[in-house]
Amino acid sequence: MTPTANMVISGLSGWLSGARAAENANGPADAIARQNMLQLIHLRWIAVLGQVVTILVVHFSFGFKLPLPAMMLVLAALVALNLFSLVRLKRVEPLGRYELFLALALDAMALTVQLYFSGGATNPFTTLYLLHVILATVLLEARATWAIVALISFCFVALVAFNRPIITSGLSDRAFFELFIMGMLIGVVLDALLLVTFVGRITANLRRHDARLAELRQRQAEETHIVRMGLLASGAAHELGTPLATLDVILGDWRRMPLFTSNPELAQELEDMRGEVLRCKSIVTGVLLSAGEARSGEVRVSTLRGFMDEVVAEWRASRADHDLIYDTDLLDATPIVAESTLKQVIHNVLDNSLEASAKTTWLRAVMREGWIRIEVQDDGAGFTPQAVADFGKPYNSTKGRAGGGLGLFLVVNVLRKLGGAAEAENLPAGGARVTMILPMAALEVTRHG
């Protein structure tokens with residue numbers, strides 16, 4: 001039974017309960033809704049700025065008499081709506097189902113009031129209604145989108161019957177028509193620019209949302225895969241327990257036989273065999289303990305420095321022929337829960353270094369700003385480009401054996417469930433380095449108590 005198999009079981013009970021919090025407390029759907037609301041807030045700021053410039057230019061440069069106080073009051077209402085929306089986004093409560101609909105409806109009504117004061121349906125900027133329709137199509141459900149279409153249609157018909165005509169001073173019909181065409185052009189260009197910019201951003205938000213969902217589904221599939229592996233390893237441990245116990249008894253009887261007591265060389269070989277059997281029994285017991293089938297009910301508390309020293313000492317004890325250089329600046333006064341899962345993670349990375357034909361392996365452990373950083377570096381052959389690209393994926397192995405490539409897959413998953421991460425890289429001077437990071441909070445005694 002290898003450290004990989006032991007680690008499979010070690011993580012089962014802790015992985016599912018110790019998963020870190022999602023990026024947004026209310027789930028991916030609320031996160032995407034908040035991003036879309038933020039895009040509407042940005043668009044509204046642009047609308048306010050654009051309307052201020054347009055109103056002032058039309059009133060003072062072209063000689064159109066506009067009701068400035070009333071129109072500026074509408075802009076003030078839009079500013080107040082934006083400030084309220086920003087405050088709303090800071091609250092932890094998820095966005096309501098129709099909050100985006102309400103925001104678009106209020107924007108459409110504000111545009112209608114501005115058009116009412118500036119010529120009604122004859123105002124060339126009525127083309128901006130299309131922007132609201134397209135945004136509704138992208139952001140809202142079908143029923144809410146049709147409600148926006150109905151609202152805008154009603155507003156346009158109302159502007160035909162009710163509006164405040166524009167009062168011009170000294171403009172000919174031809175000059176008025178040319179200004180109307182220019183306004184239409186500006187309105188169409190604004191529609192196009194704003195649609196390309198903001199619909200592109202909203203679409204990018206949706207793609208990120210879809211990618212996030214795909215990642216969550218992948219994690220669920222990986223966890224299911226790990227649970228199945230854990231059950232298989234647990235069953236194998238049960239089956240191996242009996243023959244190992246039998247071997248231990250037989251070897252114990254042999255050591256008292258004259259053939260072995262009279263031959264020191266055979267006696268030493270027998271003791272070596274017993275030592276390996278006991279080691280196998282210890283591994284099997286560790287698998288069952290990690291699976292929760294023989295727990296003492298006690299959580300072992302250690303220190304971060306003591307834990308790392310223990311990890312290195314255990315690995316060195318069984319691989320005395322390999323040169324491991326250990327370096328750390330960890331303090332011995334940081335209490336933690338000694339996670340057997342994390343121990344197997346580090347052993348697994350060290351084993352990969354050993355199997356990569358490395359002559360020397362360096363292990364460095366430091367803590368910076370509440371994060372534990374563990375680096376394992378070797379002078380071996382390094383990773384292939386494909387192995388680096390697929391780092392952490394199951395069955396990503398260059399060892400050429402069936403079922404290989406699970407060790408680093410489990411490393412990545414264990415660290416991820418502890419709130420950390422792992423990455424691999426080849427070094428310019430040769431060899432490879434695997435860097436593991438995890439938050440100190442994941443090992444705090446209070447967290448596990």
# chains A, B, ... in the order shown; residues from 1 in each chain; ligands from 1
>>> residues_around(residues="Ser302 (chain A)", least_positions_apart="3", cutoff="12 Å", atoms="only C-alpha atoms", output="PyMOL selection string")
chain A and resi 299+305-311+332-340+443-445
>>> write_last_selection(atoms="C-alpha atoms", output="compact mmCIF listing (two decimals), in the first residue's frame")
# COMPACT_ATOMS: atom_id res chain seq x y z
CA VAL A 299 -7.44 14.94 17.13
CA ARG A 305 7.60 23.27 12.61
CA GLY A 306 7.19 19.98 14.48
CA PHE A 307 4.77 18.70 11.86
CA MET A 308 7.10 19.50 8.97
CA ASP A 309 10.09 17.96 10.81
CA GLU A 310 8.03 14.82 11.38
CA VAL A 311 7.02 14.65 7.70
CA ASP A 332 8.08 25.94 16.68
CA ALA A 333 5.35 27.85 18.55
CA THR A 334 2.57 27.77 15.93
CA PRO A 335 -0.07 25.21 17.05
CA ILE A 336 -1.84 23.28 14.29
CA VAL A 337 -3.88 20.15 13.76
CA ALA A 338 -1.54 17.51 12.32
CA GLU A 339 -3.37 16.66 9.09
CA SER A 340 -2.35 13.18 7.92
CA LEU A 443 -4.72 23.95 9.94
CA GLU A 444 -5.69 26.09 12.92
CA VAL A 445 -6.74 24.21 16.05
>>> select_by_dssp(residues="region 252-373 of chain A", states="alpha helix (DSSP H)", output="number ranges by chain")
A: 252-254, 258-261, 264-290, 304-318, 340-355
>>> residues_around(residues="Asn82 (chain A)", least_positions_apart="2", cutoff="8 Å", atoms="only C-alpha atoms", output="VMD selection string")
chain A and resid 41 44 to 45 78 to 80 84 to 86
>>> residues_around(residues="region 366-378 of chain A", least_positions_apart="5", cutoff="10 Å", atoms="only C-alpha atoms", output="VMD selection string")
chain A and resid 304 to 305 308 324 to 331 346 349 to 350 352 to 354 356 to 361 420 to 427 430 to 442
>>> write_last_selection(atoms="C-alpha atoms", output="compact mmCIF listing (two decimals), in the first residue's frame")
# COMPACT_ATOMS: atom_id res chain seq x y z
CA LEU A 304 3.81 23.71 12.29
CA ARG A 305 7.60 23.27 12.61
CA MET A 308 7.10 19.50 8.97
CA LEU A 324 16.94 15.19 0.77
CA ILE A 325 17.97 18.71 1.74
CA TYR A 326 15.44 20.29 4.12
CA ASP A 327 15.30 24.04 4.76
CA THR A 328 12.72 26.01 6.74
CA ASP A 329 12.29 29.16 8.79
CA LEU A 330 9.08 28.01 10.47
CA LEU A 331 8.74 28.71 14.18
CA ILE A 346 4.09 16.14 0.76
CA VAL A 349 5.42 15.02 -4.18
CA LEU A 350 8.71 13.79 -2.70
CA ASN A 352 7.48 11.80 -7.55
CA SER A 353 10.85 13.52 -7.28
CA LEU A 354 12.47 10.21 -6.33
CA ALA A 356 12.03 11.12 -11.64
CA SER A 357 15.60 9.78 -11.18
CA ALA A 358 16.61 12.81 -9.14
CA LYS A 359 19.87 12.50 -7.23
CA THR A 360 19.04 15.32 -4.83
CA THR A 361 15.75 16.80 -3.66
CA GLY A 420 -4.72 26.16 -1.32
CA ALA A 421 -3.22 25.34 -4.69
CA ALA A 422 -0.28 23.64 -6.37
CA GLU A 423 1.69 24.31 -9.52
CA ALA A 424 4.58 22.66 -11.36
CA GLU A 425 7.38 24.12 -13.44
CA ASN A 426 10.63 23.12 -15.07
CA LEU A 427 13.72 25.04 -14.01
CA GLY A 430 17.36 21.56 -15.20
CA GLY A 431 15.09 19.69 -12.85
CA ALA A 432 11.60 20.60 -11.73
CA ARG A 433 9.84 22.35 -8.89
CA VAL A 434 6.39 21.78 -7.39
CA THR A 435 5.07 24.63 -5.25
CA MET A 436 2.25 24.03 -2.77
CA ILE A 437 0.50 26.83 -0.89
CA LEU A 438 -2.31 26.72 1.65
CA PRO A 439 -3.73 29.13 4.22
CA MET A 440 -2.59 28.74 7.81
CA ALA A 441 -6.27 29.01 8.77
CA ALA A 442 -6.88 25.57 7.22
>>> atom_distance(atom1="CA of Ile32 (chain A)", atom2="CA of Arg97 (chain A)")
12.6 Å
>>> atom_distance(atom1="CA of Asp107 (chain A)", atom2="CA of Ala161 (chain A)")
21.0 Å
>>> atom_distance(atom1="CA of Ile46 (chain A)", atom2="CA of Leu83 (chain A)")
14.1 Å
>>> residues_around(residues="Trp146 (chain A)", least_positions_apart="2", cutoff="12 Å", atoms="only C-alpha atoms", output="list of chain:residue names")
A:Phe101, A:Ala105, A:His132, A:Val133, A:Ile134, A:Leu135, A:Ala136, A:Thr137, A:Leu140, A:Glu141, A:Ala142, A:Arg143, A:Ala144, A:Ile148, A:Val149, A:Ala150, A:Leu151, A:Ile152, A:Ser153
>>> closest_residue(among="A:Met273, A:Met37, A:Leu415, A:Ile202", to="Val138 (chain A)", atoms="only C-alpha atoms")
A:Ile202
